[in-house]
Structures are given as C-alpha cells and as structure tokens.
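Undergrad: File follows, coords.txt with compact mmCIF, C-alpha atoms and all ligand atoms:
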```
# COMPACT_ATOMS: atom_id res chain seq x y z
CA MET A 1 -16.81 1.08 24.06
CA THR A 2 -13.54 2.89 24.68
CA ILE A 3 -11.12 3.03 27.56
CA THR A 4 -9.67 6.48 28.04
CA ASP A 5 -7.22 5.85 30.84
CA LEU A 6 -6.03 3.43 33.46
CA LEU A 7 -4.33 4.19 36.75
CA LEU A 8 -2.38 1.56 38.66
CA PHE A 9 -1.16 2.00 42.21
CA ASN A 10 0.78 -0.83 43.89
CA PHE A 11 -0.68 -3.26 41.39
CA ARG A 12 1.72 -6.14 40.57
CA ILE A 13 5.06 -4.67 39.45
CA PHE A 14 3.60 -1.15 39.10
CA GLU A 15 4.18 1.33 41.90
CA TYR A 16 2.30 4.17 40.30
CA SER A 17 1.45 4.34 36.62
CA GLN A 18 -1.08 6.03 34.46
CA ILE A 19 -1.80 5.17 30.85
CA GLN A 20 -3.84 7.23 28.43
CA PHE A 21 -5.19 5.12 25.63
CA ASP A 22 -6.06 6.08 22.10
CA ASP A 23 -9.41 4.89 20.77
CA GLY A 24 -7.63 3.01 17.97
CA ILE A 25 -4.78 0.56 18.27
CA ASN A 26 -2.52 0.76 21.30
CA VAL A 27 0.73 -1.18 21.35
CA ILE A 28 2.56 -2.00 24.56
CA ALA A 29 6.07 -3.28 23.94
CA GLY A 30 8.62 -4.56 26.39
CA ALA A 31 11.01 -7.39 27.16
CA ASN A 32 9.93 -10.43 29.21
CA GLY A 33 8.83 -9.91 32.79
CA GLN A 34 8.40 -6.13 32.53
CA GLY A 35 4.66 -5.87 33.18
CA LYS A 36 2.91 -6.15 29.79
CA THR A 37 0.49 -8.93 30.69
CA SER A 38 -0.16 -7.27 34.06
CA ILE A 39 -1.64 -4.25 32.25
CA LEU A 40 -4.10 -6.47 30.37
CA GLU A 41 -4.79 -8.37 33.59
CA ALA A 42 -5.67 -5.05 35.26
CA LEU A 43 -8.09 -4.16 32.47
CA ALA A 44 -9.71 -7.61 32.48
CA LEU A 45 -10.18 -7.29 36.25
CA PHE A 46 -12.74 -4.54 35.62
CA ALA A 47 -14.71 -6.74 33.25
CA LEU A 48 -14.69 -9.93 35.30
CA GLY A 49 -14.33 -8.79 38.89
CA LYS A 50 -11.44 -11.19 39.26
CA SER A 51 -8.04 -11.83 37.78
CA VAL A 52 -7.63 -13.97 34.69
CA ARG A 53 -4.48 -15.55 36.11
CA ALA A 54 -4.09 -15.02 39.87
CA LYS A 55 -5.43 -17.80 42.11
CA GLN A 56 -5.95 -15.29 44.88
CA ASP A 57 -6.55 -11.55 44.81
CA MET A 58 -3.66 -11.02 47.20
CA ASP A 59 -1.17 -11.83 44.44
CA LEU A 60 -2.19 -8.63 42.67
CA ILE A 61 -0.83 -6.45 45.46
CA ARG A 62 2.67 -5.20 44.88
CA PHE A 63 5.18 -7.14 47.00
CA GLY A 64 5.47 -5.63 50.48
CA GLN A 65 2.39 -3.38 50.17
CA ASP A 66 -1.02 -3.56 51.88
CA ALA A 67 -3.32 -2.80 48.99
CA ALA A 68 -3.49 -2.30 45.25
CA GLN A 69 -5.64 0.39 43.69
CA LEU A 70 -6.85 0.60 40.12
CA ARG A 71 -8.96 3.17 38.35
CA LEU A 72 -10.42 2.96 34.88
CA ASN A 73 -12.11 5.70 32.89
CA LEU A 74 -14.20 4.63 29.96
CA LEU A 75 -16.74 5.78 27.45
CA SER A 76 -19.66 3.46 26.96
CA LYS A 77 -22.34 4.54 24.46
CA SER A 78 -20.91 8.07 24.76
CA LYS A 79 -21.39 7.97 28.53
CA HIS A 80 -18.43 8.53 30.81
CA GLU A 81 -17.93 5.97 33.58
CA GLN A 82 -15.28 5.68 36.24
CA LEU A 83 -14.63 2.31 37.82
CA ALA A 84 -12.32 1.81 40.78
CA ILE A 85 -11.09 -1.31 42.53
CA LYS A 86 -9.09 -1.61 45.72
CA VAL A 87 -7.58 -5.02 46.38
CA MET A 88 -6.71 -5.62 50.01
CA GLN A 89 -5.16 -8.61 51.77
CA LYS A 90 -8.69 -9.61 52.65
CA GLY A 91 -11.26 -8.77 50.00
CA LYS A 92 -11.91 -6.04 47.46
CA GLN A 93 -13.68 -2.72 47.48
CA ILE A 94 -15.23 -1.20 44.43
CA ALA A 95 -16.60 2.15 43.39
CA VAL A 96 -18.58 3.18 40.33
CA ASN A 97 -18.48 6.88 39.47
CA GLN A 98 -16.95 7.53 42.88
CA VAL A 99 -19.79 5.86 44.77
CA ARG A 100 -18.82 2.89 46.94
CA LYS A 101 -20.64 -0.31 46.00
CA ASN A 102 -21.12 -3.38 48.12
CA SER A 103 -20.74 -6.08 45.59
CA ILE A 104 -18.58 -7.01 42.65
CA SER A 105 -21.78 -7.50 40.68
CA ASP A 106 -22.19 -3.71 40.65
CA LEU A 107 -19.07 -3.58 38.53
CA ILE A 108 -20.12 -6.28 36.10
CA GLY A 109 -21.59 -5.22 32.80
CA LYS A 110 -19.99 -1.77 32.78
CA PHE A 111 -16.98 -2.77 30.77
CA GLN A 112 -16.68 -5.55 28.21
CA MET A 113 -13.50 -6.97 26.81
CA VAL A 114 -12.37 -9.93 24.78
CA LEU A 115 -8.95 -11.21 25.75
CA PHE A 116 -6.80 -13.31 23.48
CA THR A 117 -3.63 -14.96 24.78
CA PRO A 118 -1.40 -17.72 23.39
CA ASP A 119 -2.83 -20.02 26.13
CA ASP A 120 -6.20 -19.85 24.39
CA LEU A 121 -5.00 -22.45 21.91
CA GLU A 122 -5.63 -24.84 24.82
CA MET A 123 -9.34 -24.26 24.28
CA VAL A 124 -9.34 -26.92 21.61
CA LYS A 125 -6.78 -29.41 22.89
CA GLY A 126 -7.04 -28.85 26.62
CA GLY A 127 -9.49 -30.18 29.20
CA PRO A 128 -13.15 -29.15 29.56
CA GLU A 129 -12.29 -26.62 32.29
CA GLU A 130 -10.73 -24.46 29.56
CA ARG A 131 -14.01 -24.37 27.66
CA ARG A 132 -16.06 -23.76 30.79
CA ARG A 133 -13.77 -20.83 31.58
CA PHE A 134 -14.40 -19.52 28.07
CA MET A 135 -18.18 -19.64 28.58
CA ASN A 136 -18.01 -18.17 32.06
CA GLN A 137 -15.67 -15.30 31.18
CA TYR A 138 -17.89 -14.01 28.44
CA MET A 139 -21.30 -14.83 29.88
CA VAL A 140 -20.43 -13.12 33.14
CA GLN A 141 -19.70 -9.90 31.25
CA SER A 142 -23.07 -9.76 29.61
CA SER A 143 -25.23 -10.76 32.57
CA VAL A 144 -25.06 -9.85 36.25
CA ASN A 145 -27.52 -12.65 36.97
CA PHE A 146 -25.15 -15.19 35.52
CA ILE A 147 -22.28 -14.32 37.85
CA GLN A 148 -24.65 -14.50 40.82
CA GLU A 149 -25.99 -17.86 39.68
CA LEU A 150 -22.47 -19.23 39.25
CA ARG A 151 -21.65 -18.20 42.80
CA THR A 152 -24.84 -19.69 44.22
CA TYR A 153 -24.23 -22.93 42.39
CA GLN A 154 -20.59 -23.13 43.48
CA ARG A 155 -21.57 -22.56 47.11
CA LEU A 156 -24.29 -25.24 47.02
CA LEU A 157 -21.98 -27.65 45.23
CA ASN A 158 -19.20 -27.16 47.78
CA GLN A 159 -21.64 -27.83 50.58
CA ARG A 160 -22.92 -30.99 48.90
CA ASN A 161 -19.37 -32.23 48.39
CA ILE A 162 -18.54 -31.58 52.04
CA LEU A 163 -21.58 -33.60 53.07
CA LEU A 164 -20.47 -36.43 50.77
CA LYS A 165 -16.99 -36.43 52.27
CA LYS A 166 -18.35 -36.36 55.82
CA HIS A 167 -20.81 -39.18 55.01
CA GLN A 168 -23.75 -37.01 56.11
CA TYR A 169 -26.00 -38.47 53.46
CA ASP A 170 -29.36 -37.61 55.03
CA ALA A 171 -28.84 -33.91 54.54
CA ILE A 172 -27.94 -34.31 50.87
CA THR A 173 -31.42 -34.79 49.48
CA THR A 174 -32.46 -31.45 50.91
CA TRP A 175 -29.58 -29.77 49.04
CA ASP A 176 -30.40 -31.41 45.77
CA GLU A 177 -33.52 -29.41 45.06
CA SER A 178 -31.77 -26.03 45.30
CA LEU A 179 -28.66 -27.40 43.61
CA SER A 180 -30.66 -28.57 40.60
CA LYS A 181 -32.61 -25.32 40.37
CA SER A 182 -29.43 -23.31 40.32
CA GLY A 183 -27.53 -25.73 38.09
CA ALA A 184 -30.36 -25.88 35.57
CA LYS A 185 -30.37 -22.10 35.15
CA ILE A 186 -26.67 -22.22 34.29
CA ILE A 187 -27.15 -25.07 31.83
CA PHE A 188 -30.10 -23.36 30.19
CA GLU A 189 -28.25 -20.05 29.77
CA ARG A 190 -25.11 -21.74 28.48
CA GLY A 191 -27.17 -23.59 25.90
CA LEU A 192 -28.60 -20.33 24.58
CA PHE A 193 -25.20 -18.67 24.61
CA ILE A 194 -23.43 -21.43 22.67
CA ARG A 195 -26.19 -21.62 20.09
CA LYS A 196 -25.92 -17.88 19.56
CA ILE A 197 -22.15 -17.68 19.24
CA ASN A 198 -22.09 -20.79 17.07
CA GLU A 199 -23.86 -18.83 14.33
CA PHE A 200 -21.20 -16.15 14.39
CA ALA A 201 -18.34 -18.63 14.74
CA ILE A 202 -19.43 -20.59 11.62
CA GLU A 203 -19.27 -17.45 9.51
CA ARG A 204 -16.01 -16.25 11.03
CA TYR A 205 -14.37 -19.62 10.47
CA ARG A 206 -15.34 -19.63 6.80
CA GLN A 207 -13.85 -16.18 6.33
CA LEU A 208 -10.68 -17.11 8.17
CA SER A 209 -9.98 -20.43 6.53
CA GLY A 210 -11.13 -19.27 3.11
CA GLN A 211 -12.70 -22.69 2.72
CA GLU A 212 -16.17 -24.11 2.84
CA GLU A 213 -15.31 -26.01 6.02
CA GLN A 214 -17.82 -25.90 8.81
CA LEU A 215 -16.89 -25.20 12.41
CA THR A 216 -19.49 -26.27 14.98
CA LEU A 217 -19.67 -25.62 18.67
CA ASN A 218 -21.84 -28.13 20.48
CA TYR A 219 -22.70 -27.55 24.07
CA ARG A 220 -22.38 -30.77 26.07
CA PRO A 221 -24.07 -30.56 29.46
CA THR A 222 -24.24 -33.64 31.70
CA VAL A 223 -28.03 -33.48 31.55
CA ASP A 224 -30.14 -32.21 28.71
CA GLY A 225 -33.59 -30.78 28.29
CA HIS A 226 -35.57 -28.30 26.21
CA SER A 227 -36.94 -26.03 28.89
CA LEU A 228 -35.65 -24.78 32.19
CA SER A 229 -38.11 -26.93 34.15
CA ASP A 230 -37.19 -29.93 32.03
CA ILE A 231 -33.49 -29.47 32.81
CA THR A 232 -34.24 -28.89 36.49
CA SER A 233 -36.06 -32.19 36.88
CA GLN A 234 -33.49 -34.05 34.77
CA LEU A 235 -30.73 -32.71 36.98
CA GLU A 236 -32.53 -33.57 40.20
CA GLU A 237 -33.18 -37.09 38.96
CA GLY A 238 -29.62 -37.39 37.77
CA LEU A 239 -28.29 -36.39 41.17
CA LYS A 240 -30.44 -39.09 42.75
CA ARG A 241 -29.37 -41.70 40.23
CA ASN A 242 -25.70 -40.92 40.75
CA LEU A 243 -25.81 -40.70 44.52
CA ALA A 244 -24.27 -44.11 45.11
CA LYS A 245 -21.39 -43.25 42.80
CA ASP A 246 -21.01 -39.79 44.36
CA LYS A 247 -20.84 -41.34 47.85
CA GLU A 248 -18.08 -43.62 46.71
CA LYS A 249 -16.09 -40.84 45.05
CA GLY A 250 -16.79 -38.12 47.58
CA TYR A 251 -17.83 -35.54 45.00
CA THR A 252 -20.77 -34.65 42.77
CA SER A 253 -20.45 -36.22 39.35
CA ILE A 254 -23.09 -34.38 37.34
CA GLY A 255 -24.06 -30.75 36.89
CA PRO A 256 -22.79 -27.67 35.06
CA HIS A 257 -19.38 -27.97 36.77
CA ARG A 258 -18.82 -30.91 34.42
CA ASP A 259 -20.02 -29.22 31.22
CA ASP A 260 -18.08 -29.18 28.01
CA ILE A 261 -18.23 -27.81 24.48
CA VAL A 262 -17.40 -30.10 21.57
CA ILE A 263 -15.59 -28.11 18.92
CA SER A 264 -15.82 -29.83 15.54
CA ILE A 265 -14.63 -29.11 12.04
CA GLU A 266 -16.67 -30.84 9.35
CA ASN A 267 -18.36 -32.83 12.11
CA ARG A 268 -15.11 -34.27 13.42
CA PRO A 269 -13.92 -33.36 16.93
CA ALA A 270 -11.15 -30.80 16.46
CA ALA A 271 -9.31 -32.01 19.57
CA ARG A 272 -8.64 -35.32 17.83
CA PHE A 273 -8.34 -34.46 14.17
CA ALA A 274 -7.64 -30.77 13.55
CA SER A 275 -4.33 -29.47 12.23
CA GLN A 276 -2.40 -26.67 13.94
CA GLY A 277 -3.77 -24.17 11.44
CA GLN A 278 -7.34 -25.37 11.87
CA ILE A 279 -6.99 -25.13 15.65
CA ARG A 280 -5.76 -21.55 15.36
CA SER A 281 -8.64 -20.65 13.06
CA ALA A 282 -11.14 -22.30 15.40
CA VAL A 283 -9.87 -20.40 18.45
CA LEU A 284 -9.74 -17.12 16.58
CA SER A 285 -13.28 -17.69 15.25
CA MET A 286 -14.53 -18.36 18.77
CA LYS A 287 -13.01 -15.10 20.01
CA PHE A 288 -14.41 -13.18 17.04
CA SER A 289 -17.80 -14.73 17.66
CA ILE A 290 -17.73 -13.15 21.11
CA MET A 291 -16.97 -9.77 19.56
CA ASP A 292 -20.01 -10.26 17.28
CA TYR A 293 -22.10 -11.46 20.21
CA PHE A 294 -21.42 -8.34 22.30
CA LYS A 295 -22.02 -6.12 19.28
CA ASN A 296 -25.32 -7.92 18.87
CA VAL A 297 -26.55 -7.90 22.49
CA ILE A 298 -24.96 -4.71 23.80
CA GLY A 299 -24.80 -2.68 20.65
CA GLU A 300 -21.06 -2.05 20.60
CA TYR A 301 -17.91 -4.04 20.18
CA PRO A 302 -16.00 -4.76 23.38
CA VAL A 303 -12.40 -3.65 23.80
CA LEU A 304 -10.01 -6.17 22.32
CA LEU A 305 -7.03 -7.18 24.45
CA LEU A 306 -4.29 -9.13 22.70
CA ASP A 307 -1.46 -10.58 24.71
CA ASP A 308 1.47 -11.31 22.44
CA VAL A 309 -0.61 -13.27 19.94
CA LEU A 310 0.42 -11.92 16.55
CA SER A 311 3.62 -13.92 16.59
CA GLU A 312 1.50 -17.09 17.06
CA LEU A 313 -0.40 -16.57 13.82
CA ASP A 314 0.47 -16.97 10.17
CA GLU A 315 -0.02 -14.16 7.66
CA ARG A 316 -3.57 -15.03 6.71
CA ARG A 317 -4.79 -15.16 10.30
CA GLN A 318 -2.72 -12.13 11.26
CA SER A 319 -4.42 -10.11 8.58
CA ALA A 320 -7.89 -11.31 9.69
CA LEU A 321 -7.03 -10.26 13.21
CA ILE A 322 -5.80 -6.90 12.02
CA ASP A 323 -9.11 -6.33 10.17
CA MET A 324 -10.94 -7.01 13.43
CA VAL A 325 -8.57 -4.79 15.36
CA HIS A 326 -9.51 -1.87 13.12
CA GLN A 327 -13.17 -2.15 14.08
CA THR A 328 -12.71 -1.59 17.79
CA GLN A 329 -10.33 -0.19 20.37
CA THR A 330 -7.45 -2.58 20.78
CA ILE A 331 -4.72 -2.89 23.36
CA MET A 332 -2.02 -5.30 22.38
CA THR A 333 1.26 -6.32 23.87
CA ILE A 334 4.29 -7.39 21.90
CA SER A 335 7.45 -8.78 23.34
CA GLN A 336 10.32 -6.74 22.07
CA SER A 337 12.17 -9.69 20.67
CA SER A 338 9.31 -10.50 18.31
CA GLY A 339 10.42 -7.64 16.09
CA MET A 340 6.94 -6.45 15.20
CA GLN A 341 6.51 -2.75 15.58
CA GLY A 342 2.89 -2.07 14.76
CA ASP A 343 3.38 0.56 12.07
CA GLU A 344 2.43 -1.86 9.34
CA TRP A 345 -1.06 -2.26 10.75
CA GLY A 346 -1.71 1.35 11.64
CA ALA A 347 -1.17 1.43 15.39
CA SER A 348 -1.88 4.88 16.79
CA ARG A 349 -0.18 4.83 20.18
CA PHE A 350 2.95 3.15 21.43
CA PHE A 351 4.02 2.47 24.97
CA LYS A 352 7.16 0.93 26.30
CA VAL A 353 7.18 -0.88 29.62
CA ALA A 354 10.34 -1.63 31.56
CA HIS A 355 10.50 -2.70 35.23
CA GLY A 356 6.96 -1.54 35.78
CA ILE A 357 7.52 1.91 34.31
CA ILE A 358 5.35 2.82 31.36
CA THR A 359 6.45 5.45 28.90
CA ASN A 360 4.46 6.83 26.03
CA GLU A 361 6.75 6.56 23.04
CA ARG A 362 4.50 8.07 20.38
N1 LIG A 401 2.54 -8.79 43.27
C1 LIG A 401 3.65 -8.46 42.59
N2 LIG A 401 4.46 -7.46 43.05
C2 LIG A 401 5.56 -7.11 42.36
N3 LIG A 401 5.96 -7.69 41.22
C3 LIG A 401 5.20 -8.67 40.73
C4 LIG A 401 4.00 -9.10 41.37
N4 LIG A 401 3.44 -10.08 40.65
C5 LIG A 401 4.24 -10.27 39.59
N5 LIG A 401 5.31 -9.43 39.63
C6 LIG A 401 6.40 -9.32 38.65
O1 LIG A 401 5.90 -8.63 37.54
C7 LIG A 401 6.71 -8.91 36.43
C8 LIG A 401 5.90 -8.71 35.17
O2 LIG A 401 5.01 -9.73 34.91
P1 LIG A 401 4.17 -9.77 33.53
O3 LIG A 401 3.60 -11.12 33.44
O4 LIG A 401 3.25 -8.62 33.46
O5 LIG A 401 5.34 -9.58 32.46
P2 LIG A 401 5.31 -9.55 30.86
O6 LIG A 401 5.86 -8.24 30.44
O7 LIG A 401 3.97 -9.90 30.37
O8 LIG A 401 6.36 -10.68 30.52
P3 LIG A 401 6.37 -11.79 29.34
O9 LIG A 401 6.84 -11.09 28.10
O10 LIG A 401 7.37 -12.77 29.82
O11 LIG A 401 5.02 -12.36 29.23
C9 LIG A 401 7.32 -10.27 36.68
O12 LIG A 401 8.70 -10.12 36.66
C10 LIG A 401 6.87 -10.64 38.09
O13 LIG A 401 7.92 -11.13 38.89
MG MG A 402 3.24 -11.60 29.37
```
So that I can check it, write out the structure of this file as structure tokens.
TA:
Amino acid sequence: MTITDLLLFNFRIFEYSQIQFDDGINVIAGANGQGKTSILEALALFALGKSVRAKQDMDLIRFGQDAAQLRLNLLSKSKHEQLAIKVMQKGKQIAVNQVRKNSISDLIGKFQMVLFTPDDLEMVKGGPEERRRFMNQYMVQSSVNFIQELRTYQRLLNQRNILLKKHQYDAITTWDESLSKSGAKIIFERGLFIRKINEFAIERYRQLSGQEEQLTLNYRPTVDGHSLSDITSQLEEGLKRNLAKDKEKGYTSIGPHRDDIVISIENRPAARFASQGQIRSAVLSMKFSIMDYFKNVIGEYPVLLLDDVLSELDERRQSALIDMVHQTQTIMTISQSSGMQGDEWGASRFFKVAHGIITNER
C-alpha cells in the first residue's frame, strides 16, 4: 500500500498544501508547533474515520474557517483510489473515487496505517483505555463490521447508563439482550485479534531484545467464553448479576468497555516489573505485530507513520525500526532540534514544514 499524495485545505494550521510522497521513506522536519503531527493526523483520519487526537471533528477546521477538506491518493494492490473527506462544523462528508458516500464505513478498509507516537509508551504503564484504543484503532481498519459493532454497542451502552441514572430500571432488562449480543461480538473478535497478534509479537520481541525472553499479550475481557453464544449468555447473566451494583453507581460495570490486555514479559505483568528498555521493546513489538497482521490478512504492509519516535529509542531499537521502515512506505516526522537528518537510514524524500507551509527540500 502506498500513498501518492495528500491535499490539505483549511485543515488545522494548513491553509492549502499538497504533498507528494515517495514510496520509500519520507521525512518531515520542522520546529515545534509547525504542523508535523497534523500531517500524520490527516493521514490517520483516512484510516480511522476520526482523528487520533481531536475530541471533536470541529477542532480540525482551520481557525476562522467553515470547513476543512482533505484528499488522499493511494495505490492499493496496484489499484488507484482517491479518498476525500470534508469536515464541517456539524458532521463529515466523504467521497471515494469522487463518488459521495453516506457513511464513514465506506471509507474504512481502503487505507491502512500503523501509527507510532511517543505517547504509545503509555500502552504498557497507562490505564486500560490505552490498550482498548490500541485494539480498536487496528481492528477498525481491518473490518467494517467491527466499527459498526463498536458504534452499536456504544449507543446501547449510553442508553443503558442513562436509564440507570434516571432510575428507570424496568426498561433496563429489555436493553440487556441487545447489549449482550453486541458486546459479545466485540469480545469474541477482540479475543481472536489478540491471539493472532500475540504470535507475531512474541517473535518480534525476541528479535528486538536479542534475548530468549517471552512477551505475552493476554486479552482480559470482563466475561469469558469459548464461543460467541457462550460469551453472549455470560454477558447477559453478568449484567443481571451486577444490576444492583450498577444501580448504585449509575453506570454499567461489565462489558467490552471495561476490557483490558495484560502485557507480560516472562509471565510477569510488564506494567509492574518491566524496565524502560523492556517497555520500549514491548510497545515496538506490538506495533510491529500489527504490521505483520495486516500483511497476513490483507496481503500488504500498511503505511507506517512515525511521529518523532526515533529520538525515544536506543540504537538497537532504532536499527530494528529502520529495518521495518525499509519494508514499507514510511512517513516520519522529526523535530528539527533532534539533529537527525535521515540520510543515515536511506530516506528518499525530505520535507520541511514551517507555519503550516510545506516545502519539498529534496
Ligand atoms: N484548527 C486549527 N487551526 C489553526 N491552527 C491550528 C489548529 N489546530 C492546531 N493548530 C496549530 O497548529 C500548530 C501545529 O500543531 P502540530 O501538533 O501539528 O505541530 P508539530 O509540528 O507536530 O509540533 P511538535 O514538534 O511540538 O509536536 C500548533 O501551533 C497549533 O496551535
Ligand atoms: Mg508533533
């Protein structure tokens, strides 16, 4: 998968900018606050249908403007695709190959990326929401059904929580059947996903650490089960069992919105025992496992987006990352002060960004 060019119009700091990417390594350099992350954010928007950092779409629109427009040209399995997004004060419009589409799900699955930012180190030490975001971001990209299921579940869950807060308990039991059906699908799919990427992550971690240490990713749902129907009934029962507690708290205490992944090294939870270096290797292995996963299920590597991460890594991990970078199209930002130029790892195109103006340096 290769991005050929990106056009930004009134997106964040960019008034009007076009970038033509090389199919190898693209480096975007600039001082702080010039728009580097915004370029990666724009690209990720095409993969996820929403921003990786904005709470609301509106924030993406350049200050004082009515709408932001973005257009991405890409080559996927030698097929040309054009994706377009218009972000308005209220809602988004999308087009695929110049045909207007009604739903964001029409965009999903056309473009896959793996994004790596310094914040990702929180995946090990941070709260479970970090790890749920990790699962969601990458599962959404490989399955339109998954994004729809997440939305359905979220809607049902919000309604149940409203009923709990309003003390309208009679209506709750009627919600629980659909809530558990939807929730169980998410749990089932996440279980499969984590098992799959665990295989890749184990291997990647060994390569990275150069040691026989074992990294394990264990999916931890609030209810378990072997089959979809098993999980569905477990969840429905669980909701019933926890109803008294939920009434007291005013929210739903079990379901996929409370899922977690336990990341362990040599069977010990990394959040409690891992060193800085082990944490970095674990996070990098998880990201690489996603690259392997997409290669496996889609047949090509996704585009790799790196936001100022090289400076976070030591030489060994830098060189592992650079090996990976050479296998797929990569777009990476570096902050100018970091001193790294990109020549040493064979970058093929250089951009400079200053005050939202992008110039092609080489
Ligand atoms: N909607 C918007 N309209 C105009 N400018 C915006 C908007 N949203 C953010 N900005 C500005 O865009 C600038 C660039 O932000 P961005 O995060 O892309 O910078 P960066 O180059 O990644 O910086 P750093 O090196 O610090 O990470 C910021 O100065 C911010 O104030
Ligand atoms: Mg940035």
Undergrad: Could you list, as a list in words, all residues that come within 6 Å of ligand LIG 401 (chain A)? Count only C-alpha atoms and all ligand atoms.
TA: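 My answer, listing the contacting residues, is Arg12, Ile13, Ala31, Asn32, Gly33, Gln34, Gly35, Lys36, Thr37, Ser38, Asp59, Leu60, Ile61, Arg62, Phe63 and Ser335 of chain A.
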Undergrad: Tell me, in Å to one decimal, how far atom CA of A:Ile25 is from atom CA of A:Ala201.
TA: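 It comes out at 23.8 Å.
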Undergrad: Counting all atoms listed in the file, which of A:Ile19, A:Leu313, A:Ala171, A:Ile39 gets nearest to ligand MG 402 (chain A)?
TA: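 Checking each of A:Ile19, A:Leu313, A:Ala171, A:Ile39 against ligand MG 402 (chain A), counting all atoms listed in the file, the winner is A:Ile39.
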Undergrad: With distances taken over all atoms listed in the file, which residue among A:Leu75, A:Leu40, A:Ile172, A:Leu228 lies nearest ligand MG 402 (chain A)?
TA: A:Leu40
Undergrad: Have a look at A:Ser348, A:Gln329, A:Gln148, A:Gln336 and name the one nearest to ligand MG 402 (chain A); count only C-alpha atoms and all ligand atoms.
TA: A:Gln336
Undergrad: For A:Gln20, work out the shell of residues within 8 Å, counting only C-alpha atoms and skipping chain neighbours fewer than 5 positions away, then give it as a PyMOL selection string.
TA: chain A and resi 4-6
Undergrad: With all atoms listed in the file as the basis for distance, which of A:Ile279, A:Ala354, A:Ile334, A:Met286 is at the shortest distance from ligand MG 402 (chain A)?
TA: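 Closest candidate: A:Ile334.
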Undergrad: Of the residues A:Lys92, A:Arg160, A:Arg204, A:Lys249, which is the one nearest to A:Ser281, using all atoms listed in the file?
TA: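 The shortest atom-to-atom distance to A:Ser281 comes from A:Arg204.
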Undergrad: Grab the atom CA of A:Leu217 to atom CA of A:Phe294 distance for me, in Å with one decimal place.
TA: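 These two atoms are separated by 17.7 Å.
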Undergrad: So, counting only C-alpha atoms, which residue among A:Gly24, A:Pro302, A:Gly356, A:Gly250 is closest to A:Tyr169?
TA: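 Smallest separation from A:Tyr169 among the options: A:Gly250.
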Undergrad: Could you tell me how far atom CA of A:Trp345 sits from atom CA of A:Asp323, in Å to one decimal place?
TA: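 Computing it gives 9.0 Å between the two atoms.
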Undergrad: Identify the residues within 9 Å of coordinate (-3.3, -19.4, 22.5) (same frame as the file), considering all atoms listed in the file, and give the answer as number ranges by chain.
TA: A: 116-123, 280, 283, 309, 312
Undergrad: Env of A:Asn161: 12 Å cut, atoms = all atoms listed in the file, seq-sep filter 6 positions within chain, self excluded. Answer as a list in words.
TA: Gln154, Arg155, His167, Gln168, Tyr169, Ala171, Ile172, Trp175, Asp176, Leu179, Leu243, Asp246, Lys247, Glu248, Lys249, Gly250, Tyr251, Thr252, Ser253 and Ile254 of chain A
Undergrad: What would the list of residues within 12 Å of (-12.0, -19.3, 31.4) (file frame) look like as a PyMOL selection string, if only C-alpha atoms are what count?
TA: chain A and resi 44+48+50-53+114-117+119-120+122-123+126-140
